[in-house]
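Colleague: So I've got this file, entry-v2.cif, and it contains mmCIF, C-alpha atoms:
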data_data
#
loop_
_atom_site.label_atom_id
_atom_site.label_comp_id
_atom_site.auth_asym_id
_atom_site.auth_seq_id
_atom_site.Cartn_x
_atom_site.Cartn_y
_atom_site.Cartn_z
CA MET A 1 126.96 81.24 52.30
CA ALA A 2 127.63 84.56 50.61
CA SER A 3 131.18 85.85 50.76
CA ALA A 4 131.97 88.69 53.19
CA PHE A 5 134.68 90.04 50.92
CA GLY A 6 133.81 93.12 48.95
CA LYS A 7 131.09 93.83 51.55
CA ILE A 8 130.72 96.06 54.59
CA LEU A 9 129.13 94.87 57.84
CA LEU A 10 127.86 97.75 59.96
CA ILE A 11 127.33 96.92 63.65
CA SER A 12 125.45 99.61 65.55
CA GLY A 13 123.88 99.96 68.97
CA ASN A 14 124.64 100.44 72.65
CA ALA A 15 124.97 96.76 73.62
CA GLU A 16 128.76 96.51 73.91
CA PHE A 17 128.88 92.78 74.62
CA LEU A 18 126.58 91.96 71.70
CA ALA A 19 128.65 94.15 69.40
CA GLU A 20 131.84 92.39 70.49
CA ARG A 21 130.29 89.00 69.95
CA THR A 22 128.86 89.90 66.55
CA ARG A 23 132.21 91.31 65.46
CA ALA A 24 134.04 88.17 66.66
CA ARG A 25 131.60 85.93 64.79
CA ALA A 26 131.99 88.00 61.64
CA ILE A 27 135.77 87.71 61.76
CA ALA A 28 135.52 83.98 62.48
CA ALA A 29 133.36 83.58 59.36
CA VAL A 30 135.87 85.57 57.31
CA THR A 31 138.86 83.51 58.47
CA ALA A 32 136.89 80.32 57.89
CA GLU A 33 136.41 81.42 54.30
CA HIS A 34 140.09 82.35 53.88
CA ALA A 35 142.32 80.89 56.59
CA ASP A 36 145.29 83.05 55.57
CA CYS A 37 143.25 86.27 55.77
CA GLU A 38 145.12 89.11 57.47
CA VAL A 39 142.99 90.78 60.19
CA SER A 40 143.63 94.32 61.38
CA GLU A 41 141.77 96.80 63.57
CA ALA A 42 141.72 100.57 63.89
CA SER A 43 139.77 103.17 65.83
CA ALA A 44 137.92 105.71 63.72
CA SER A 45 138.76 108.38 66.30
CA GLY A 46 142.43 108.17 65.33
CA LEU A 47 142.08 107.97 61.56
CA GLN A 48 144.00 110.72 59.79
CA ALA A 49 143.45 111.97 56.23
CA GLY A 50 144.72 109.37 53.77
CA GLU A 51 145.20 106.64 56.40
CA LEU A 52 142.13 104.64 55.30
CA ALA A 53 143.65 104.19 51.85
CA GLY A 54 146.60 102.42 53.43
CA LEU A 55 144.40 100.23 55.59
CA THR A 56 142.34 99.12 52.61
CA SER A 57 145.24 98.60 50.20
CA ALA A 58 146.46 95.15 49.14
CA SER A 59 148.44 93.23 51.76
CA LEU A 60 151.95 91.96 51.12
CA PHE A 61 151.25 88.84 53.18
CA SER A 62 147.78 87.75 52.07
CA ASP A 63 145.47 88.05 49.10
CA ASN A 64 142.58 88.82 51.42
CA THR A 65 142.20 91.26 54.32
CA ALA A 66 139.66 91.82 57.07
CA LEU A 67 139.54 95.31 58.57
CA VAL A 68 137.61 96.25 61.71
CA ILE A 69 137.03 99.96 62.38
CA THR A 70 135.62 100.72 65.83
CA ASP A 71 134.29 103.96 67.39
CA LEU A 72 132.62 104.94 64.15
CA GLN A 73 130.75 107.69 66.00
CA ASP A 74 134.08 109.52 66.49
CA THR A 75 135.11 109.62 62.82
CA GLY A 76 136.58 112.95 61.76
CA ASP A 77 135.27 114.84 58.72
CA ALA A 78 138.16 113.95 56.41
CA ALA A 79 138.06 110.28 57.36
CA GLN A 80 134.26 110.24 56.93
CA ALA A 81 134.58 111.39 53.33
CA GLU A 82 137.22 108.76 52.58
CA LEU A 83 135.21 106.01 54.27
CA LEU A 84 132.08 106.83 52.31
CA ALA A 85 134.06 106.93 49.07
CA TYR A 86 135.51 103.49 49.80
CA CYS A 87 132.14 101.99 50.76
CA GLU A 88 130.63 103.13 47.47
CA GLY A 89 133.08 100.82 45.65
CA PRO A 90 134.65 98.39 48.11
CA SER A 91 137.58 96.17 47.18
CA PRO A 92 136.61 92.53 46.47
CA GLU A 93 139.62 91.35 48.52
CA ILE A 94 138.63 93.16 51.71
CA ALA A 95 135.96 92.38 54.33
CA LEU A 96 135.19 95.55 56.26
CA VAL A 97 133.47 95.62 59.65
CA LEU A 98 132.35 98.98 61.05
CA VAL A 99 131.32 99.34 64.71
CA HIS A 100 129.20 102.28 65.92
CA GLY A 101 128.62 102.57 69.67
CA GLY A 102 125.04 103.82 69.43
CA GLY A 103 123.55 107.19 70.26
CA ALA A 104 123.02 110.26 68.12
CA LYS A 105 126.70 111.06 67.57
CA GLY A 106 127.75 110.19 64.04
CA LYS A 107 124.17 109.61 62.92
CA GLY A 108 124.74 111.49 59.69
CA LEU A 109 127.48 109.06 58.70
CA LEU A 110 125.28 106.10 59.65
CA ASP A 111 122.42 107.36 57.51
CA LYS A 112 124.71 107.71 54.48
CA LEU A 113 126.25 104.27 54.98
CA ARG A 114 122.81 102.64 55.27
CA LYS A 115 121.94 103.83 51.77
CA LEU A 116 124.89 102.07 50.15
CA PRO A 117 124.19 98.65 48.53
CA ALA A 118 127.42 97.06 49.84
CA VAL A 119 126.51 97.85 53.46
CA SER A 120 124.45 95.50 55.63
CA GLU A 121 123.60 96.52 59.18
CA VAL A 122 123.13 94.60 62.42
CA LYS A 123 121.40 96.75 65.05
CA LEU A 124 122.08 95.70 68.63
CA GLU A 125 120.27 97.44 71.46
CA ALA A 126 120.42 96.41 75.10
CA PRO A 127 117.07 95.50 76.69
CA LYS A 128 115.36 98.38 78.51
CA TYR A 129 113.03 96.66 80.97
CA GLU A 130 113.26 93.59 83.19
CA ARG A 131 110.75 91.68 81.05
CA ASP A 132 112.90 92.45 78.02
CA TYR A 133 115.90 90.79 79.66
CA ALA A 134 113.86 87.63 80.23
CA GLN A 135 112.86 87.68 76.56
CA TRP A 136 116.52 88.15 75.59
CA VAL A 137 117.42 85.10 77.68
CA HIS A 138 114.66 83.12 75.96
CA THR A 139 116.07 84.07 72.55
CA GLU A 140 119.63 83.28 73.66
CA PHE A 141 118.64 79.74 74.64
CA ARG A 142 116.66 79.30 71.43
CA ASP A 143 119.76 80.23 69.42
CA LEU A 144 121.68 77.61 71.41
CA GLY A 145 119.07 75.03 70.47
CA VAL A 146 117.57 74.65 73.95
CA ARG A 147 114.14 75.60 75.29
CA ILE A 148 113.71 77.59 78.51
CA ASP A 149 110.34 78.37 80.05
CA GLN A 150 109.31 81.90 81.02
CA GLU A 151 109.60 81.37 84.77
CA ALA A 152 113.11 80.00 84.39
CA ALA A 153 114.18 82.89 82.14
CA THR A 154 112.85 85.44 84.64
CA LEU A 155 114.56 83.65 87.54
CA LEU A 156 117.87 83.52 85.68
CA VAL A 157 117.77 87.31 85.23
CA ALA A 158 116.96 87.75 88.94
CA SER A 159 119.82 85.40 89.86
CA VAL A 160 122.56 86.59 87.52
CA GLY A 161 121.55 90.22 86.98
CA GLN A 162 121.11 92.32 83.87
CA ASP A 163 124.64 92.09 82.49
CA LEU A 164 124.31 90.46 79.07
CA ARG A 165 127.80 88.97 79.17
CA SER A 166 127.01 87.25 82.48
CA LEU A 167 123.63 86.06 81.21
CA ALA A 168 125.18 84.63 78.06
CA GLY A 169 127.79 82.86 80.18
CA ALA A 170 125.07 81.43 82.42
CA ALA A 171 123.17 80.21 79.36
CA ASP A 172 126.29 78.49 78.01
CA GLN A 173 126.87 76.88 81.40
CA LEU A 174 123.33 75.53 81.64
CA VAL A 175 123.29 74.27 78.06
CA SER A 176 126.60 72.44 78.55
CA THR A 177 125.43 70.97 81.87
CA VAL A 178 121.98 69.56 81.10
CA GLU A 179 121.32 66.60 78.84
CA ARG A 180 120.52 67.28 75.21
CA GLY A 181 116.80 67.88 74.68
CA THR A 182 116.19 68.96 78.29
CA GLU A 183 114.01 72.04 78.73
CA ILE A 184 115.46 74.52 81.22
CA THR A 185 113.00 74.99 84.06
CA ALA A 186 113.01 77.15 87.18
CA SER A 187 114.10 74.18 89.29
CA ILE A 188 117.20 73.71 87.11
CA VAL A 189 118.05 77.42 87.37
CA ARG A 190 117.66 77.28 91.16
CA ARG A 191 119.94 74.24 91.31
CA TYR A 192 122.83 76.11 89.70
CA PHE A 193 122.13 79.76 90.51
CA GLY A 194 119.73 79.70 93.46
CA GLY A 195 122.34 81.12 95.83
CA ARG A 196 122.38 84.32 93.80
CA ALA A 197 118.64 84.76 93.46
CA ASP A 198 116.55 87.38 95.17
CA VAL A 199 119.37 89.59 96.41
CA ARG A 200 117.48 92.65 97.57
CA GLY A 201 118.73 95.89 99.03
CA TYR A 202 116.39 95.72 102.00
CA GLU A 203 117.75 92.28 102.94
CA ILE A 204 121.28 93.66 103.06
CA ALA A 205 120.05 96.63 105.11
CA ASP A 206 118.13 94.42 107.55
CA ALA A 207 121.17 92.21 108.09
CA ALA A 208 123.43 95.20 108.80
CA ILE A 209 120.88 96.86 111.09
CA ASP A 210 120.52 93.56 112.97
CA GLY A 211 124.28 93.32 113.37
CA ARG A 212 124.62 90.26 111.13
CA ILE A 213 127.69 91.69 109.43
CA ASN A 214 128.87 88.52 107.71
CA VAL A 215 125.43 88.01 106.14
CA ALA A 216 125.20 91.64 105.06
CA LEU A 217 128.66 91.58 103.47
CA GLU A 218 128.00 88.28 101.71
CA GLN A 219 124.70 89.54 100.29
CA ALA A 220 126.35 92.82 99.25
CA ARG A 221 128.91 90.83 97.26
CA TRP A 222 126.17 88.74 95.66
CA ALA A 223 124.40 91.98 94.76
CA GLU A 224 127.57 93.28 93.11
CA ALA A 225 127.93 90.06 91.11
CA ALA A 226 124.25 90.27 90.13
CA LYS A 227 124.75 93.87 88.95
CA VAL A 228 122.28 95.30 91.47
CA ALA A 229 122.60 99.08 91.25
CA PRO A 230 124.47 100.37 94.35
CA VAL A 231 122.01 103.26 94.69
CA LEU A 232 119.23 100.74 95.33
CA ILE A 233 121.21 99.40 98.28
CA THR A 234 121.96 102.82 99.77
CA SER A 235 118.29 103.72 99.31
CA ALA A 236 117.22 100.59 101.20
CA PHE A 237 119.60 101.42 104.06
CA ALA A 238 118.31 104.99 104.24
CA SER A 239 114.70 103.83 104.24
CA GLY A 240 115.30 101.21 106.95
CA LEU A 241 117.18 103.57 109.24
CA ARG A 242 114.70 106.42 108.79
CA SER A 243 111.86 104.06 109.62
CA LEU A 244 113.66 103.06 112.83
CA ALA A 245 114.20 106.72 113.70
CA LYS A 246 110.48 107.44 113.24
CA LEU A 247 109.60 104.43 115.38
CA SER A 248 111.99 105.53 118.14
CA SER A 249 110.36 108.97 118.30
CA ALA A 250 106.78 107.68 118.28
CA PRO A 251 104.65 108.26 121.41
CA SER A 252 104.38 105.22 123.66
CA GLY A 253 101.19 103.23 123.62
CA MET A 254 100.44 103.59 119.92
CA ARG A 255 98.83 100.60 118.22
CA ASP A 256 100.71 98.74 115.51
CA ASN A 257 98.41 99.99 112.73
CA ASP A 258 98.90 103.59 113.83
CA LEU A 259 102.65 103.06 114.11
CA ALA A 260 102.71 101.55 110.65
CA ALA A 261 101.05 104.64 109.24
CA ARG A 262 103.50 106.90 111.08
CA VAL A 263 106.60 104.94 110.12
CA GLY A 264 105.52 104.09 106.58
CA ALA A 265 105.97 100.34 107.01
CA PRO A 266 103.45 97.49 106.79
CA PRO A 267 101.90 96.56 110.19
CA PHE A 268 103.41 93.07 110.17
CA LYS A 269 106.91 94.57 110.20
CA ILE A 270 106.44 96.73 113.28
CA ARG A 271 107.22 93.88 115.67
CA ALA A 272 110.49 93.09 113.88
CA MET A 273 111.40 96.78 113.88
CA ARG A 274 110.77 97.00 117.61
CA GLN A 275 113.21 94.14 118.05
CA GLN A 276 115.79 95.94 115.92
CA LEU A 277 115.31 99.19 117.81
CA ARG A 278 116.45 97.61 121.07
CA ALA A 279 120.02 97.75 119.78
CA TRP A 280 119.87 101.36 118.63
CA GLU A 281 120.13 104.80 120.26
CA PRO A 282 119.07 108.03 118.48
CA ASP A 283 122.72 109.16 118.23
CA GLY A 284 123.69 105.85 116.63
CA LEU A 285 120.87 106.10 114.11
CA ALA A 286 121.98 109.62 113.18
CA LYS A 287 125.58 108.52 112.64
CA ALA A 288 124.46 105.49 110.64
CA LEU A 289 122.36 107.74 108.41
CA ASP A 290 125.41 109.97 107.90
CA ALA A 291 127.39 106.91 106.75
CA VAL A 292 124.61 106.00 104.31
CA ALA A 293 124.46 109.54 102.96
CA GLN A 294 128.23 109.47 102.34
CA ALA A 295 128.01 106.10 100.55
CA ASP A 296 125.14 107.41 98.44
CA LEU A 297 127.25 110.39 97.39
CA ASP A 298 130.16 108.08 96.60
CA VAL A 299 128.23 105.71 94.34
CA LYS A 300 126.28 108.48 92.62
CA GLY A 301 129.46 110.48 92.11
CA GLY A 302 131.15 107.65 90.25
CA ALA A 303 133.35 106.29 93.03
CA ALA A 304 136.31 104.32 91.71
CA ASP A 305 135.08 101.26 93.61
CA PRO A 306 131.33 101.35 94.39
CA ALA A 307 131.56 97.86 95.93
CA TYR A 308 134.06 99.17 98.48
CA ALA A 309 131.78 102.12 99.27
CA ILE A 310 128.89 99.72 99.93
CA GLU A 311 130.96 97.40 102.13
CA ARG A 312 132.33 100.36 104.10
CA MET A 313 128.76 101.57 104.64
CA VAL A 314 127.69 98.13 105.89
CA LEU A 315 130.52 98.12 108.45
CA LYS A 316 129.90 101.71 109.60
CA VAL A 317 126.17 101.14 110.02
CA ALA A 318 126.66 97.95 111.98
CA ALA A 319 129.28 99.65 114.17
CA GLN A 320 126.70 102.20 115.40
CA ARG A 321 124.55 99.58 117.09
CA ARG A 322 124.50 99.70 120.88
CA ARG A 323 127.02 97.31 122.34
#
Kindly present the structure from the file in structure tokens form.
Modeller:
Amino acid sequence: MASAFGKILLISGNAEFLAERTRARAIAAVTAEHADCEVSEASASGLQAGELAGLTSASLFSDNTALVITDLQDTGDAAQAELLAYCEGPSPEIALVLVHGGGAKGKGLLDKLRKLPAVSEVKLEAPKYERDYAQWVHTEFRDLGVRIDQEAATLLVASVGQDLRSLAGAADQLVSTVERGTEITASIVRRYFGGRADVRGYEIADAAIDGRINVALEQARWAEAAKVAPVLITSAFASGLRSLAKLSSAPSGMRDNDLAARVGAPPFKIRAMRQQLRAWEPDGLAKALDAVAQADLDVKGGAADPAYAIERMVLKVAAQRRR
């Protein structure tokens, strides 16, 4: 394996967890090469003129040094010039790791670093679409030496959510649990994560509208753990309550198909909605919609605790049902 000393590893991209893991692995490789290596870290946003020279100078305690500089996108002009000058002729006793958080900020510095022979880059971007997360899971298991089929990878994403740290933890758990050589299938994923699968906003809304508060709160907490966006939950509540309001104001005697068209719900759901409506008065529906609107404002406005806003909404909506 080539030595990391005298080289610069550039980690770029918006996937924070992947950047942290790549950085940790790089430092582990450096300390494995030289166990007495001194490791230090600094934020580029705080680097003052001349400070980089001190960070990259010989250590009194070790012949070799590893330096991690984070927040590369926030490097000031003076520090940029010094960093580029160092990277053009890096010290053979120093392993330098640079971390850029992604985005357009600091792109000029990135472009200049990429042209230098001592710099090697690892680009880490978070998946954009649901299918991309399943592919990421597939690759994660492959790197762990275990096969996972497509259905199982998709189900794991649905169960755990789209947080890469949580998905990586789930992959480690499954790999350490199954026997060596076992392919991960959907049945195995269901065995360990089935309780978290298929959390949907409309299920939480239906439970609250039905008055099943414990179920609604439990599913809301699963949704939080699965990284379901809070706005999807508030949207489901708003849709369910508005549909009930439309049904309550519909003329009597309408057929289910006509009601479905009026309400905007599939015909098979009209009977269940009629059952729900028995516990609701127009005033209660209006107040419940007000509670949903407030929760929607809270989660979209960056509430300090979106999970609390969702749980408070669940309780307020359920409280408006007719006693």
Colleague: Is there a way to get, as a PyMOL selection string, all residues within 6 Å of the point (128.5, 101.0, 102.7) in file coordinates, counting all atoms listed in the file?
Modeller: chain A and resi 295+309-314
Colleague: For the selection just defined, write its residues with C-alpha atoms to a file, as a compact mmCIF listing (two decimals), in the frame of the given file.
Modeller:
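Written output follows (out_5.txt):
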# COMPACT_ATOMS: atom_id res chain seq x y z
CA ALA A 295 128.01 106.10 100.55
CA ALA A 309 131.78 102.12 99.27
CA ILE A 310 128.89 99.72 99.93
CA GLU A 311 130.96 97.40 102.13
CA ARG A 312 132.33 100.36 104.10
CA MET A 313 128.76 101.57 104.64
CA VAL A 314 127.69 98.13 105.89
Colleague: Could you list the residues chosen by the PyMOL selection byres ((chain A and resi 231-247) around 10) in this structure as a JSON list (two decimals) with C-alpha atoms, in the coordinates of the input?
Modeller:
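Listing of part_27.json after writing:
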[["chain", "number", "residue", "atom", "x", "y", "z"],
["A", 200, "ARG", "CA", 117.48, 92.65, 97.57],
["A", 201, "GLY", "CA", 118.73, 95.89, 99.03],
["A", 202, "TYR", "CA", 116.39, 95.72, 102.00],
["A", 203, "GLU", "CA", 117.75, 92.28, 102.94],
["A", 204, "ILE", "CA", 121.28, 93.66, 103.06],
["A", 205, "ALA", "CA", 120.05, 96.63, 105.11],
["A", 206, "ASP", "CA", 118.13, 94.42, 107.55],
["A", 208, "ALA", "CA", 123.43, 95.20, 108.80],
["A", 209, "ILE", "CA", 120.88, 96.86, 111.09],
["A", 220, "ALA", "CA", 126.35, 92.82, 99.25],
["A", 223, "ALA", "CA", 124.40, 91.98, 94.76],
["A", 228, "VAL", "CA", 122.28, 95.30, 91.47],
["A", 229, "ALA", "CA", 122.60, 99.08, 91.25],
["A", 230, "PRO", "CA", 124.47, 100.37, 94.35],
["A", 248, "SER", "CA", 111.99, 105.53, 118.14],
["A", 249, "SER", "CA", 110.36, 108.97, 118.30],
["A", 250, "ALA", "CA", 106.78, 107.68, 118.28],
["A", 251, "PRO", "CA", 104.65, 108.26, 121.41],
["A", 252, "SER", "CA", 104.38, 105.22, 123.66],
["A", 259, "LEU", "CA", 102.65, 103.06, 114.11],
["A", 260, "ALA", "CA", 102.71, 101.55, 110.65],
["A", 262, "ARG", "CA", 103.50, 106.90, 111.08],
["A", 263, "VAL", "CA", 106.60, 104.94, 110.12],
["A", 264, "GLY", "CA", 105.52, 104.09, 106.58],
["A", 265, "ALA", "CA", 105.97, 100.34, 107.01],
["A", 270, "ILE", "CA", 106.44, 96.73, 113.28],
["A", 273, "MET", "CA", 111.40, 96.78, 113.88],
["A", 274, "ARG", "CA", 110.77, 97.00, 117.61],
["A", 276, "GLN", "CA", 115.79, 95.94, 115.92],
["A", 277, "LEU", "CA", 115.31, 99.19, 117.81],
["A", 280, "TRP", "CA", 119.87, 101.36, 118.63],
["A", 281, "GLU", "CA", 120.13, 104.80, 120.26],
["A", 282, "PRO", "CA", 119.07, 108.03, 118.48],
["A", 283, "ASP", "CA", 122.72, 109.16, 118.23],
["A", 284, "GLY", "CA", 123.69, 105.85, 116.63],
["A", 285, "LEU", "CA", 120.87, 106.10, 114.11],
["A", 286, "ALA", "CA", 121.98, 109.62, 113.18],
["A", 288, "ALA", "CA", 124.46, 105.49, 110.64],
["A", 289, "LEU", "CA", 122.36, 107.74, 108.41],
["A", 290, "ASP", "CA", 125.41, 109.97, 107.90],
["A", 291, "ALA", "CA", 127.39, 106.91, 106.75],
["A", 292, "VAL", "CA", 124.61, 106.00, 104.31],
["A", 293, "ALA", "CA", 124.46, 109.54, 102.96],
["A", 294, "GLN", "CA", 128.23, 109.47, 102.34],
["A", 295, "ALA", "CA", 128.01, 106.10, 100.55],
["A", 296, "ASP", "CA", 125.14, 107.41, 98.44],
["A", 297, "LEU", "CA", 127.25, 110.39, 97.39],
["A", 298, "ASP", "CA", 130.16, 108.08, 96.60],
["A", 299, "VAL", "CA", 128.23, 105.71, 94.34],
["A", 300, "LYS", "CA", 126.28, 108.48, 92.62],
["A", 306, "PRO", "CA", 131.33, 101.35, 94.39],
["A", 309, "ALA", "CA", 131.78, 102.12, 99.27],
["A", 310, "ILE", "CA", 128.89, 99.72, 99.93],
["A", 313, "MET", "CA", 128.76, 101.57, 104.64],
["A", 314, "VAL", "CA", 127.69, 98.13, 105.89],
["A", 317, "VAL", "CA", 126.17, 101.14, 110.02]]
Colleague: Could you tell me how far atom CA of A:Ala19 lies from atom CA of A:Arg165, in Å and to one decimal?
Modeller: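 Those two atoms sit 11.1 Å apart.
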Colleague: Counting all atoms listed in the file, what is within 7 Å of A:Val119, bar same-chain residues fewer than 5 positions away, as a short mmCIF file (atom, residue, chain, number, x, y, z; two decimals) with C-alpha atoms, in the coordinates of the input?
Modeller:
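Listing of around_35.cif after writing:
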data_model
loop_
_atom_site.label_atom_id
_atom_site.label_comp_id
_atom_site.auth_asym_id
_atom_site.auth_seq_id
_atom_site.Cartn_x
_atom_site.Cartn_y
_atom_site.Cartn_z
CA LYS A 7 131.09 93.83 51.55
CA ILE A 8 130.72 96.06 54.59
CA LEU A 9 129.13 94.87 57.84
CA LEU A 10 127.86 97.75 59.96
CA LEU A 113 126.25 104.27 54.98
CA ARG A 114 122.81 102.64 55.27
#
Colleague: At what distance in Å, to one decimal, does atom CA of A:Trp136 lie from atom CA of A:Glu121?
Modeller: 19.7 Å
Colleague: Starting from the displayed file, determine the output of the PyMOL selection byres ((chain A and resi 36) around 9) and express the residue list as a ChimeraX atom specification.
Modeller: /A:31,34-35,37-38,61-65
Colleague: Evaluate the PyMOL selection byres ((chain A and resi 151) around 10) here and jot the selected residues down as a list of chain:residue names.
Modeller: A:Ala134, A:Ile148, A:Asp149, A:Gln150, A:Ala152, A:Ala153, A:Thr154, A:Leu155, A:Leu156, A:Ile184, A:Thr185, A:Ala186, A:Ser187, A:Val189
Colleague: Of the candidates A:Ala104, A:Ala171, A:Val122, A:Leu109, which one gets nearest to A:Leu83 if we count only C-alpha atoms?
Modeller: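 So, comparing all the options, the nearest one is A:Leu109.
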Colleague: In Å, with one decimal, what is the gap from atom CA of A:Ala28 to atom CA of A:Glu41?
Modeller: 14.3 Å
Colleague: Measuring between all atoms listed in the file, which one of A:Glu218, A:Glu16, A:Glu140, A:Glu33 shows the shortest distance to A:Ala126?
Modeller: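 Of A:Glu218, A:Glu16, A:Glu140, A:Glu33, the one nearest A:Ala126, counting all atoms listed in the file, is A:Glu16.
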Colleague: Write out as JSON an axis-aligned box for stretch 231-246 of chain A: all of its atoms listed in the file, 5 Å added on each side, centre and edge lengths in Å with one decimal.
Modeller:
{"center_x": 116.2, "center_y": 103.4, "center_z": 104.2, "size_x": 21.5, "size_y": 18.0, "size_z": 29.0}
Colleague: Which residue is closest to A:Gly145? Choose from A:Ile11, A:Val97, A:Leu72, A:Leu174 and count all atoms listed in the file.
Modeller: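 Nearest to A:Gly145: A:Leu174.
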Colleague: Around the point (116.7, 92.5, 87.3), in the coordinates given by the file, pick out the residues reaching within 9 Å, counting all atoms listed in the file, and return them as a PyMOL selection string.
Modeller: chain A and resi 129-131+133+154+157-162+226-228
Colleague: Taking into account only C-alpha atoms, which residue in the set A:Lys269, A:Glu93, A:Ser45, A:Ala79 is nearest to A:Phe5?
Modeller: A:Glu93
